[in-house]
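Encoded as C-alpha cells, the structure appears first; notes follow it.
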Amino acid sequence: MNSSQVRKVFLDFFKSKAHQIVPSAPMVVKGDPTLMFTNAGMNQFKDIFLGNTKPEFLRAADTQKCLRVSGKHNDLEEVGRDTYHHTMFEMLGNWSFGDYFKKEAIAWAWELLTEVYGIDKESLYVTVFGGDKADGMEADMEAYNYWKALIPEERILYGSKKDNFWEMGESGPCGPCSEIHIDIRSAEEKKTLPGKELVNKDHPEVIEIWNLVFIEFNRLANGSLEALPARHIDTGMGFERLSMVMQGVKSNYDTDIFVPIINEVAKMAGVTYGKNEARDIALRVVADHLRAITFAIADGQLPSNNGAGYVIRRILRRAVRYGYTFLNFDEPFIYKLVSLLAKQMGDVFPELNSQKTLIEQVIKEEETAFLRTLAQGIKKFEAYFKENPNVKEIDGEFAFELFDTFGFPIDLTNLMASEKGVSVDMAGFEKGLQQQKERSRKAAVKTTDDWIELLPDTETTFVGYDTLETEAQIVKYRKVATKKKTVFEVVLDKTPFYAESGGQVGDRGELVAGNETLHVVDTKKENNLIVHLVAEEPKAVNDVYTAKVNAEKRLLTTNNHSATHLMHAALRKVLGTHVEQKGSLVSADRLRFDFSHFSKMSDEEIKQVEDIVNNKIRENLPGIIKQNIAIDEAKAMGAMALFGEKYGDKVRVVTFDPDYSVELCGGTHVKATGQIGLFKIVSESGIAAGVRRIEAVTGKNAEKFVDEQIALLKSIKAQFKNANNVLGAVTHLIEENSKLHKEMEKLLAEKSAGLADNLIDKAEKIGEAAFIGTKVDLDVNSAKKLANQLRSRGEKVLVVLALEEKGKVNLIIALSDELVKSGLHAGTIIREAAKFINGGGGGQPHLATAGGKNADGIGRAIAAVKKVLEA
RNA sequence: GGGGGAUUAGCUCAGUUGGCUAGAGCGUUUGACUGGCAGUCAAGAGGUCAUCGGUUCGAUUCCGAUAUUCUCCA
C-alpha cells in the first residue's frame with residue numbers, strides 16, 4: 001500500500017464513522033504564546049479543549065503536518081541517527097468533543113488497524129495508565145476492560161505517568177492515555193525475546209504507532225486535578241510509521257515518502273545509500289530537514305534570527321552541516337531538492353507548488369549565508385592554532401566562543417581538531433553552555449496564577465467594530481509576573497478592544513469603575529480569547545466597568561490597515577500577482593508590509609503604487625464588510641487568502657471596490673477610503689531572499705513626512721539664495737568643491753615643499769646630524785606632514801615643530817630612520833620636552849606629538865630636544 | 001526575554017599593546033596592446049572607519065549610549 005493510500009484509507013474510515021474531515025492547520029502557530037509550531041494533531045482544537053470555543057461538530061479527523069525539535073523523545077540532534085524520528089511529520093488523528101469516549105475510540109482504533117489495514121494482531125501491544133500515587137490517581141481500569149474484550153490480557157501493559165498520562169502543559173486539560181505499539185521484528189527475534197519486554201524501551205523495531213488520549217481532567221496551577229465537565233478524545237498516529245508498517249520495511253526512511261528524496265541527494269553527492277553509516281545519517285538528515293524547512297516556508301515562516309524563524313534556520317543549518325561534512329557539499333544544494341518534494345506532495349499540500357520559487361530562493365540564500373559563517377569559523381579556528389601552535393587540547397572556552405558567538409557547530413570543531421590530532425576540552429565547553437542556559441532560565445522566569453473565574457461559561461462578545469466604548473463585566477482575570485514587571489490579564493464579557501491579529505496591533509485604553517481606572521497597555525488573543533493586559537490589579541471585580549478604547553490611536557491604526565489593503569492590491573497590479581503578503585504590521589504611526597517579490601522596486605514602481613493608492617483614496621471608495629461568509633463564497637468573490645493562516649468555515653470579507661481589493665480580514669477598516677487622506681511610502685528594502693519590505697505612512701503622519709521633505713528642500717534652497725535650479729547649483733558646487741580641493745592640496749604641497757627647503761637650509765649642524773627647531777604657523781595635520789617630509793630629506797635629521805593656537809600648544813618631533821636606528825626614540829624625547837609646555841605626549845620612534853598649555857615654554861622645549869643631539 | 005559578537009571603499013574583508021598620509025581582492029572608470037571580443041598591463045576615482053557622547057597631546061583602535069545586524073540560550 002503506498003503512502004497516499006494509507007492516508008486516504010484513514011480519512012475514509014473515520015468519515016464512515018460520521019467524522020468531519022478537516023484540512024491540516026498551518027504548521028506555524030499564530031495566536032498561541034506557548035507554542036511556536038504545531039506539534040500534535042490536537043493543536044488546532046486546543047480552544048475547544050480549553051472551553052474557549054464551542055465546536056462546530058462533535059467528531060473530526062484529519063492529517064496534520066507537525067514539527068518537533070525538542071521534547072522528551074525529539075531532540076533535534078537525534079534526528080537522522082535512528083530510523084524513526086523526524087522533525088516534520090504527519091499526524092493522523094480522530095477527535096471527539098464531548099461526544100464518544102474510551103469505548104468507541106478503542107474499538108475503532110483496533111478495527112482500523114487489524115481489519116482495514118490488516119495488521120497482524122499478534123504483533124500488537126497496548127498500554128494503559130497504571131496510576132500514580134503522588135497524584136492520587138488510580139489505574140485506568142475502564143480502558144483496560146475495553147481492551148480486554150479485544151486483545152489477550154498478556155498483551156495489555158500498565159504504563160507510568162511519564163508514558164501514559166498526557167498533559168498539554170503545566171496546567172490545563174489532561175488525562176490518561178492508551179498507546180498501541182507494534183513489533184516488526186523477524187519471527188526469530190520475537191522467539192528469543194517477547195515483544196512485551198521491549199515496549200517503550202526505545203527499540204527501533206518495537207514502536208508506538210498510535211496514542212489514544214482520554215481528556216477528562218483539568219490541572220490547576222497548584223498541581224491538583226479537577227474533573228472536566230465534558231470529556232474528549234484526542235488521538236494521534238504517526239503517518240510515516242504507519243506507512244513503514246504497511247510497506248513492510250524496517251525504517252520510515254525506507255518508505256516511498258523518503259526514498260525518492262534520499263536517492264536524489266545520494267545521486268547529487270555521488271554516493272549510494274546503505275553503504276556507509278555516517279553518510280547514511282547525513283542523507284536521512286538532509287531528507288528529513290528538507291521537508292521541515294520547505295513546509296515551514298510554505299506556511300509563511302521565513303528563517304530569521306529569533307523565535308520560530310530561528311528554529312527553521314537551525315534545522316536548515318543542521319542539514320547544511322551534515323551535507324558539508326559527510327557528503328562534501330561545499331555550495332548550496334538543498335534548494336535544488338524543493339522541486340522534487342513539491343512534485344511528490346504537491347497534490348495533498350498545494351502550497352508547495354504555488355510557493356516553490358520563493359522557497360527555493362530563501363533556502364539558497366540561507367545556505368549561502370551559513371557556508372560563509374562556516375568559512376569564518378574555520379578562519380577563527382586556524383588563527384587560534386597560529387597563536388597556540390603547541391596545544392594538545394583546544395580550550396573549552398574558545399570552543400564555546402566559536403559556537404556561541406560565531407555559530408560554529410561544536411561537532412565541526414571536534415572534527416577539525418581530530419584532523420590536527422588534538423582534542424577539545426568538552427567539559428569546558430559544556431560548562432559555558434550550562435552557564436548560558438542558567439542565565440536564560442533566570443531571565444525567563446514567569447509565574448502565571450490560576451484564572452480567578454467570576455462569570456463561568458461566559459463567552460466574550462466583541463463589539464469593537466461598531467463602538468469604542470461599552471459597559472462590561474470581568475469574566476475572569478489572573479496575575480502574570482515576569483522578572484521585570486507584573487501585569488494582569490483580564491477577560492470581559494463584552495469588549496470594544498481589538499486584540500492583536502492580522503498584523504493590526506492591539507488596542508489600548510482604559511477600564512473605569514467608580515474611581516478606579518485600569519490602564520489597558522495591550523490587547524492580545526490567546527487561543528481565541530480576547531485578553532486585556534492591564535497594568536493595575538482590578539479591585540472592583542464584580543462591578544460594571546466602562547471599557548474605553550483610545551480612540552485616536554484606533555482611528556490612525558484603522559486608516560493604516562485599510563491603506564495596507566489598498567497597497568496590497570496596487571502592488572499586485574504594478575508588480576504582478578506573484579506578490580503575496582509575507583508579514584504585516586499595522587500600528588497607529590505607520591504600516592509595514594512584507595511581500596514576496598524578487599527584485600528591488602524601482603522609483604517609478606514605487607511612484608506608481610503610491611499613485612494608485614492615492615487615487616483610490618480620492619475615489620472615496622466605501623469599505624464593504626461582510627461577516628459570516630462561507631469560505632467558498634468568499635473565494636468566489638475573489639478574496640485573497642493567505643497561506644499559513646487558519647481560517648474557519650465562516651470568514652469576514654473586506655472589500656474596497658469588488659474589482660480592486662477583496663481580502664479575508666478580521667481587522668478594523670474605514671467607512672470610506674477618503675478619510676485616509678494621503679498615502680506615502682517611506683522606505684522599500686529587502687529583508688530576505690525574495691522578500692521585500694515597504695514602510696508607509698498615511699493621513700497626518702504622511703503630511704508630516706511630506707512637510708519635512710519640503711522644509712528640508714526649502715532650507716537647502718535658502719542656502720543657495722533661492723536659486724531656480726537648486727539641483728544644478730548643488731551639482732556645480734560639488735564639482736567646484738572637488739576641483740578646489742585638489743588645487744588646494746597641490747598648492748599646500750608646493751608651499752610645504754618650499755617651507756621644507758627653507759627649513760633645511762637653515763638647519764643647524766650638530767655633529768653629523770641636522771637639527772631643525774622652530775615655531776610654525778600650520779595646523780597639526782599639515783605640521784605632521786611637514787615633519788615627515790623633513791625627516792626624509794637627510795640621513796640624520798631631527799625636527800621639532802611647535803605650533804600655538806588658542807592658548808594650546810602642540811609639539812611635533814620627527815627623526816630620520818638613521819637616528820632611530822642609532823637608538824633615539826621620538827616618543828621618549830617628546831615626553832621630556834612636553835614638561836616645558838605643561839603637557840604630555842608620545843608616539844612612535846620616528847614621529848611623536850605632544851600637547852600642552854604653556855606657550856612660554858616652547859623655547860625651552862626646543863632647546864631640550866636639541867640637547868639630545870649634543871649629548 | 002537574557003548573554004556574546006559585528007558595523008572600515010559599490011561587494012567580500014585586513015588593520016593587537018591608542019600614534020605610519022587607513023589597506024587588499026573583486027567590481028568600476030580611463031589608457032595601452034589585439035582586426036573585434038576575451039584577456040594582459042598601466043593609471044585613476046571611490047572612505048563623516050555606523051551614529052552620538054566621554055577618556056587622551058592624539059581614537060578606526062579604549063569606555064558609555066543608540067541604531068542595525070549576526071550568533072547562542074530560553
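Following the order of the C-alpha cells, first chain is A, next is B, and so on, with residues numbered from 1 inside each chain and ligands from 1 in the order they appear.
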Discussion item. I want to know what sits within 12 Å of U55 (chain B), based on only C-alpha atoms (C1' of nucleotides), with residues of the same chain fewer than 3 positions away left out; could you give that as a PyMOL selection string?
Written reply: chain B and resi 18+58-59+62-64
Item to complete: With a cut-off of 10 Å and counting only C-alpha atoms (C1' of nucleotides), select all residues of chain A in contact with chain B and give the selection as a ChimeraX atom specification.
Response: /A:305,307,373,400-408,433-445,482-484,781,784-785,788,808-811,827,834,839-852
Worksheet item: Can you list, as a list of chain:residue names, every protein, DNA or RNA residue that comes within 8 Å of Met244 (chain A) when you count only C-alpha atoms (C1' of nucleotides), leaving out same-chain residues fewer than 6 positions away?
Response: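 Those residues are A:Lys250, A:Ser251, A:Asn252, A:Asp254, A:Thr255.
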Worksheet item: Which parts of region 610-685 of chain A does DSSP call alpha helix (DSSP H) when run on the backbone here, written out as an MDAnalysis selection string?
Response: chainID A and resid 610:618 631:636
Selected residues written out with C-alpha atoms, as a PDB file, in the first residue's frame:
```
ATOM      1  CA  GLU A 610       1.576  55.493  -4.434  1.00  0.00           C
ATOM      2  CA  ASP A 611      -0.425  56.993  -7.279  1.00  0.00           C
ATOM      3  CA  ILE A 612      -2.845  54.077  -7.482  1.00  0.00           C
ATOM      4  CA  VAL A 613      -3.413  54.075  -3.725  1.00  0.00           C
ATOM      5  CA  ASN A 614      -3.903  57.837  -3.572  1.00  0.00           C
ATOM      6  CA  ASN A 615      -6.336  57.669  -6.486  1.00  0.00           C
ATOM      7  CA  LYS A 616      -8.333  55.017  -4.643  1.00  0.00           C
ATOM      8  CA  ILE A 617      -8.324  57.248  -1.578  1.00  0.00           C
ATOM      9  CA  ARG A 618      -9.692  60.174  -3.576  1.00  0.00           C
ATOM     10  CA  ILE A 631     -15.262  30.354   2.830  1.00  0.00           C
ATOM     11  CA  ASP A 632     -16.196  29.031  -0.606  1.00  0.00           C
ATOM     12  CA  GLU A 633     -18.401  32.000  -1.278  1.00  0.00           C
ATOM     13  CA  ALA A 634     -15.630  34.352  -0.221  1.00  0.00           C
ATOM     14  CA  LYS A 635     -13.260  32.671  -2.628  1.00  0.00           C
ATOM     15  CA  ALA A 636     -15.849  33.053  -5.374  1.00  0.00           C
TER      16      ALA A 636
END
```
Item to complete: Could you give me, as a list of chain:residue names, the residues within 9 Å of Trp95 (chain A), counting only C-alpha atoms (C1' of nucleotides) and dropping anything in the same chain fewer than 3 positions from it?
Response: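 The neighbour list is A:His19, A:Met42, A:Leu58, A:Arg59, A:Ala60, A:Ala61, A:Asp99, A:Tyr100, A:Ala105, A:His232, A:Ile233, A:Asp234, A:Thr235.
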Just-selected residues, all heavy atoms written as a tab-separated table (two decimals), in the first residue's frame:
```tsv
chain	number	residue	atom	x	y	z
A	19	HIS	N	-17.33	11.22	11.07
A	19	HIS	CA	-16.39	12.28	11.44
A	19	HIS	C	-16.31	13.31	10.32
A	19	HIS	O	-16.36	12.96	9.14
A	19	HIS	CB	-14.98	11.72	11.66
A	19	HIS	CG	-14.81	11.01	12.96
A	19	HIS	ND1	-15.52	9.87	13.27
A	19	HIS	CD2	-14.00	11.27	14.03
A	19	HIS	CE1	-15.16	9.46	14.49
A	19	HIS	NE2	-14.24	10.30	14.97
A	42	MET	N	-3.74	17.75	17.85
A	42	MET	CA	-4.79	18.40	18.64
A	42	MET	C	-4.65	19.92	18.70
A	42	MET	O	-5.56	20.61	19.14
A	42	MET	CB	-4.83	17.84	20.06
A	42	MET	CG	-3.55	17.91	20.88
A	42	MET	SD	-3.07	19.53	21.53
A	42	MET	CE	-4.50	19.90	22.54
A	58	LEU	N	-19.02	17.49	16.46
A	58	LEU	CA	-18.60	16.75	17.64
A	58	LEU	C	-17.50	15.72	17.33
A	58	LEU	O	-16.85	15.23	18.24
A	58	LEU	CB	-19.80	16.06	18.27
A	58	LEU	CG	-20.89	17.05	18.73
A	58	LEU	CD1	-22.08	16.29	19.32
A	58	LEU	CD2	-20.35	18.05	19.75
A	59	ARG	N	-17.35	15.39	16.03
A	59	ARG	CA	-16.33	14.41	15.66
A	59	ARG	C	-15.52	14.95	14.48
A	59	ARG	O	-16.11	15.45	13.52
A	59	ARG	CB	-16.97	13.10	15.22
A	59	ARG	CG	-17.78	12.44	16.31
A	59	ARG	CD	-18.49	11.23	15.77
A	59	ARG	NE	-19.29	10.63	16.83
A	59	ARG	CZ	-19.89	9.46	16.72
A	59	ARG	NH1	-19.80	8.76	15.59
A	59	ARG	NH2	-20.60	8.97	17.73
A	60	ALA	N	-14.23	14.82	14.55
A	60	ALA	CA	-13.40	15.31	13.45
A	60	ALA	C	-12.23	14.37	13.24
A	60	ALA	O	-11.83	13.63	14.15
A	60	ALA	CB	-12.89	16.71	13.74
A	61	ALA	N	-11.67	14.37	12.03
A	61	ALA	CA	-10.45	13.60	11.74
A	61	ALA	C	-9.66	14.36	10.68
A	61	ALA	O	-10.23	15.12	9.89
A	61	ALA	CB	-10.80	12.21	11.23
A	99	ASP	N	-18.25	14.01	22.84
A	99	ASP	CA	-19.15	13.02	22.25
A	99	ASP	C	-18.73	11.62	22.71
A	99	ASP	O	-18.76	11.34	23.89
A	99	ASP	CB	-19.12	13.19	20.73
A	99	ASP	CG	-20.15	12.34	20.02
A	99	ASP	OD1	-21.22	12.13	20.59
A	99	ASP	OD2	-19.88	11.89	18.89
A	100	TYR	N	-18.29	10.75	21.81
A	100	TYR	CA	-17.91	9.40	22.24
A	100	TYR	C	-16.68	9.44	23.12
A	100	TYR	O	-15.94	10.41	23.14
A	100	TYR	CB	-17.71	8.48	21.02
A	100	TYR	CG	-16.56	8.82	20.10
A	100	TYR	CD1	-15.25	8.41	20.39
A	100	TYR	CD2	-16.78	9.54	18.93
A	100	TYR	CE1	-14.21	8.70	19.54
A	100	TYR	CE2	-15.73	9.84	18.07
A	100	TYR	CZ	-14.44	9.42	18.39
A	100	TYR	OH	-13.42	9.71	17.54
A	105	ALA	N	-13.40	4.87	20.93
A	105	ALA	CA	-12.05	5.22	20.48
A	105	ALA	C	-11.19	3.97	20.38
A	105	ALA	O	-10.47	3.75	19.41
A	105	ALA	CB	-11.42	6.23	21.43
A	232	HIS	N	-13.20	14.43	26.38
A	232	HIS	CA	-12.84	14.45	24.96
A	232	HIS	C	-11.91	13.31	24.59
A	232	HIS	O	-11.19	12.79	25.44
A	232	HIS	CB	-12.13	15.76	24.60
A	232	HIS	CG	-12.81	16.98	25.11
A	232	HIS	ND1	-14.02	17.41	24.64
A	232	HIS	CD2	-12.44	17.86	26.07
A	232	HIS	CE1	-14.36	18.52	25.27
A	232	HIS	NE2	-13.43	18.80	26.15
A	233	ILE	N	-11.92	12.99	23.30
A	233	ILE	CA	-10.95	12.03	22.75
A	233	ILE	C	-10.00	12.78	21.84
A	233	ILE	O	-10.41	13.64	21.06
A	233	ILE	CB	-11.67	10.92	21.94
A	233	ILE	CG1	-12.44	10.00	22.86
A	233	ILE	CG2	-10.65	10.13	21.11
A	233	ILE	CD1	-11.59	9.18	23.80
A	234	ASP	N	-8.71	12.47	21.96
A	234	ASP	CA	-7.68	13.09	21.12
A	234	ASP	C	-6.72	11.97	20.76
A	234	ASP	O	-6.07	11.41	21.62
A	234	ASP	CB	-6.99	14.19	21.95
A	234	ASP	CG	-5.61	14.53	21.41
A	234	ASP	OD1	-5.36	14.31	20.22
A	234	ASP	OD2	-4.79	15.03	22.20
A	235	THR	N	-6.63	11.62	19.48
A	235	THR	CA	-5.71	10.55	19.12
A	235	THR	C	-4.70	11.03	18.08
A	235	THR	O	-4.96	11.97	17.35
A	235	THR	CB	-6.42	9.31	18.52
A	235	THR	OG1	-6.61	9.50	17.12
A	235	THR	CG2	-7.75	9.06	19.21
```
Item to complete: Check region 526-686 of chain A with DSSP on the backbone and list each residue it calls strand (DSSP E or B), as a PyMOL selection string.
Response: chain A and resi 526+529-534+545-549+581-586+591-596+622-630+640+650-656+661-664+672+679-686
Can you write just those residues out, N, CA and C atoms, as a compact mmCIF listing (two decimals), in the first residue's frame?
```txt
# COMPACT_ATOMS: atom_id res chain seq x y z
N GLU A 526 -5.38 35.02 22.99
CA GLU A 526 -4.75 33.78 23.44
C GLU A 526 -5.74 32.67 23.21
N LEU A 529 -9.22 33.82 22.78
CA LEU A 529 -9.76 34.57 23.90
C LEU A 529 -9.20 35.98 23.82
N ILE A 530 -10.04 37.01 23.96
CA ILE A 530 -9.52 38.38 23.95
C ILE A 530 -9.04 38.72 25.35
N VAL A 531 -7.74 38.93 25.49
CA VAL A 531 -7.15 39.16 26.81
C VAL A 531 -6.64 40.59 26.89
N HIS A 532 -7.12 41.34 27.87
CA HIS A 532 -6.65 42.71 28.08
C HIS A 532 -5.49 42.68 29.05
N LEU A 533 -4.37 43.24 28.67
CA LEU A 533 -3.23 43.31 29.58
C LEU A 533 -3.34 44.61 30.35
N VAL A 534 -3.55 44.48 31.65
CA VAL A 534 -3.86 45.64 32.48
C VAL A 534 -2.73 45.86 33.46
N TYR A 545 -17.70 47.76 34.57
CA TYR A 545 -16.66 48.70 34.12
C TYR A 545 -17.10 49.35 32.81
N THR A 546 -16.61 50.56 32.60
CA THR A 546 -16.76 51.15 31.27
C THR A 546 -15.44 50.90 30.54
N ALA A 547 -15.55 50.15 29.44
CA ALA A 547 -14.34 49.82 28.67
C ALA A 547 -14.20 50.81 27.54
N LYS A 548 -13.11 51.61 27.59
CA LYS A 548 -12.94 52.69 26.62
C LYS A 548 -11.65 52.49 25.82
N VAL A 549 -11.78 52.44 24.51
CA VAL A 549 -10.60 52.30 23.66
C VAL A 549 -10.02 53.68 23.38
N GLN A 581 1.38 38.52 0.57
CA GLN A 581 1.74 39.03 1.88
C GLN A 581 2.58 38.01 2.64
N LYS A 582 3.70 38.47 3.20
CA LYS A 582 4.54 37.58 4.00
C LYS A 582 4.60 38.04 5.45
N GLY A 583 4.07 39.21 5.68
CA GLY A 583 4.08 39.72 7.04
C GLY A 583 3.49 41.11 7.02
N SER A 584 2.94 41.53 8.13
CA SER A 584 2.29 42.84 8.13
C SER A 584 2.25 43.38 9.55
N LEU A 585 2.51 44.66 9.67
CA LEU A 585 2.39 45.31 10.98
C LEU A 585 1.64 46.61 10.77
N VAL A 586 0.52 46.73 11.46
CA VAL A 586 -0.28 47.95 11.32
C VAL A 586 -0.40 48.59 12.68
N LEU A 591 2.68 51.78 8.79
CA LEU A 591 2.35 50.42 8.41
C LEU A 591 3.58 49.81 7.77
N ARG A 592 3.75 48.52 8.01
CA ARG A 592 4.89 47.82 7.47
C ARG A 592 4.35 46.59 6.78
N PHE A 593 4.83 46.34 5.57
CA PHE A 593 4.26 45.25 4.79
C PHE A 593 5.37 44.48 4.11
N ASP A 594 5.47 43.18 4.39
CA ASP A 594 6.47 42.33 3.75
C ASP A 594 5.77 41.47 2.70
N PHE A 595 6.37 41.35 1.54
CA PHE A 595 5.72 40.59 0.48
C PHE A 595 6.74 39.93 -0.42
N SER A 596 6.30 38.88 -1.11
CA SER A 596 7.22 38.17 -1.99
C SER A 596 7.38 38.93 -3.30
N PRO A 622 -16.31 53.12 -0.66
CA PRO A 622 -16.87 52.64 0.61
C PRO A 622 -16.20 51.33 1.02
N GLY A 623 -15.97 51.16 2.31
CA GLY A 623 -15.45 49.89 2.81
C GLY A 623 -16.62 48.97 3.08
N ILE A 624 -16.73 47.91 2.27
CA ILE A 624 -17.86 47.00 2.43
C ILE A 624 -17.39 45.78 3.21
N ILE A 625 -18.03 45.55 4.34
CA ILE A 625 -17.60 44.46 5.19
C ILE A 625 -18.71 43.44 5.35
N LYS A 626 -18.40 42.20 5.02
CA LYS A 626 -19.41 41.14 5.17
C LYS A 626 -18.92 40.13 6.17
N GLN A 627 -19.74 39.89 7.18
CA GLN A 627 -19.38 38.93 8.21
C GLN A 627 -19.98 37.57 7.85
N ASN A 628 -19.42 36.52 8.45
CA ASN A 628 -20.04 35.20 8.35
C ASN A 628 -20.31 34.72 6.95
N ILE A 629 -19.34 34.92 6.09
CA ILE A 629 -19.47 34.43 4.73
C ILE A 629 -18.84 33.04 4.68
N ALA A 630 -19.48 32.13 3.99
CA ALA A 630 -18.88 30.80 3.85
C ALA A 630 -17.58 30.94 3.06
N MET A 640 -8.60 37.29 -1.51
CA MET A 640 -7.26 36.80 -1.36
C MET A 640 -7.11 36.16 0.01
N LYS A 650 -16.52 30.05 8.38
CA LYS A 650 -17.14 31.35 8.17
C LYS A 650 -16.07 32.42 8.28
N VAL A 651 -16.02 33.30 7.32
CA VAL A 651 -14.97 34.31 7.34
C VAL A 651 -15.55 35.71 7.18
N ARG A 652 -14.68 36.70 7.37
CA ARG A 652 -15.08 38.09 7.24
C ARG A 652 -14.37 38.62 6.00
N VAL A 653 -15.12 39.29 5.15
CA VAL A 653 -14.55 39.75 3.89
C VAL A 653 -14.59 41.27 3.83
N VAL A 654 -13.44 41.86 3.54
CA VAL A 654 -13.35 43.32 3.47
C VAL A 654 -13.11 43.72 2.02
N THR A 655 -14.00 44.56 1.49
CA THR A 655 -13.93 44.93 0.08
C THR A 655 -13.83 46.44 -0.09
N PHE A 656 -12.88 46.87 -0.93
CA PHE A 656 -12.88 48.25 -1.42
C PHE A 656 -12.96 48.14 -2.93
N SER A 661 -10.03 45.48 -4.52
CA SER A 661 -9.46 44.82 -3.35
C SER A 661 -10.51 44.05 -2.56
N VAL A 662 -10.35 42.72 -2.52
CA VAL A 662 -11.22 41.88 -1.70
C VAL A 662 -10.31 40.99 -0.85
N GLU A 663 -10.37 41.13 0.47
CA GLU A 663 -9.49 40.33 1.32
C GLU A 663 -10.24 39.73 2.49
N LEU A 664 -9.79 38.56 2.91
CA LEU A 664 -10.28 37.98 4.15
C LEU A 664 -9.53 38.69 5.27
N ALA A 672 -15.07 54.82 4.54
CA ALA A 672 -14.80 55.20 3.15
C ALA A 672 -13.34 55.61 3.08
N PHE A 679 -1.32 58.92 1.28
CA PHE A 679 -0.50 57.71 1.47
C PHE A 679 0.89 57.95 0.91
N LYS A 680 1.92 57.75 1.70
CA LYS A 680 3.29 57.91 1.21
C LYS A 680 4.16 56.74 1.65
N ILE A 681 4.92 56.21 0.70
CA ILE A 681 5.87 55.15 1.03
C ILE A 681 7.15 55.80 1.55
N VAL A 682 7.58 55.37 2.72
CA VAL A 682 8.75 55.97 3.35
C VAL A 682 10.02 55.20 3.00
N SER A 683 9.90 53.87 2.91
CA SER A 683 11.09 53.11 2.56
C SER A 683 10.72 51.78 1.91
N GLU A 684 11.63 51.28 1.09
CA GLU A 684 11.48 49.97 0.48
C GLU A 684 12.81 49.27 0.63
N SER A 685 12.81 48.05 1.16
CA SER A 685 14.08 47.38 1.39
C SER A 685 13.89 45.87 1.30
N GLY A 686 15.00 45.15 1.25
CA GLY A 686 14.92 43.70 1.21
C GLY A 686 15.14 43.14 2.59
```
Worksheet item: Skipping near chain neighbours, those fewer than 2 positions away, what residues fall within 6 Å of region 173-186 of chain A using only C-alpha atoms (C1' of nucleotides), listed as JSON, numbers by chain?
Response: {"A": [123, 124, 125, 126, 127, 128, 129, 164, 165, 166, 167, 188, 189, 205, 206, 207, 208, 209, 210, 211, 212, 213, 214, 215, 216, 217, 218]}
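Reported to one decimal place, the separation of CA of His568 (chain A) from CA of Glu695 (chain A) is 12.3 Å.
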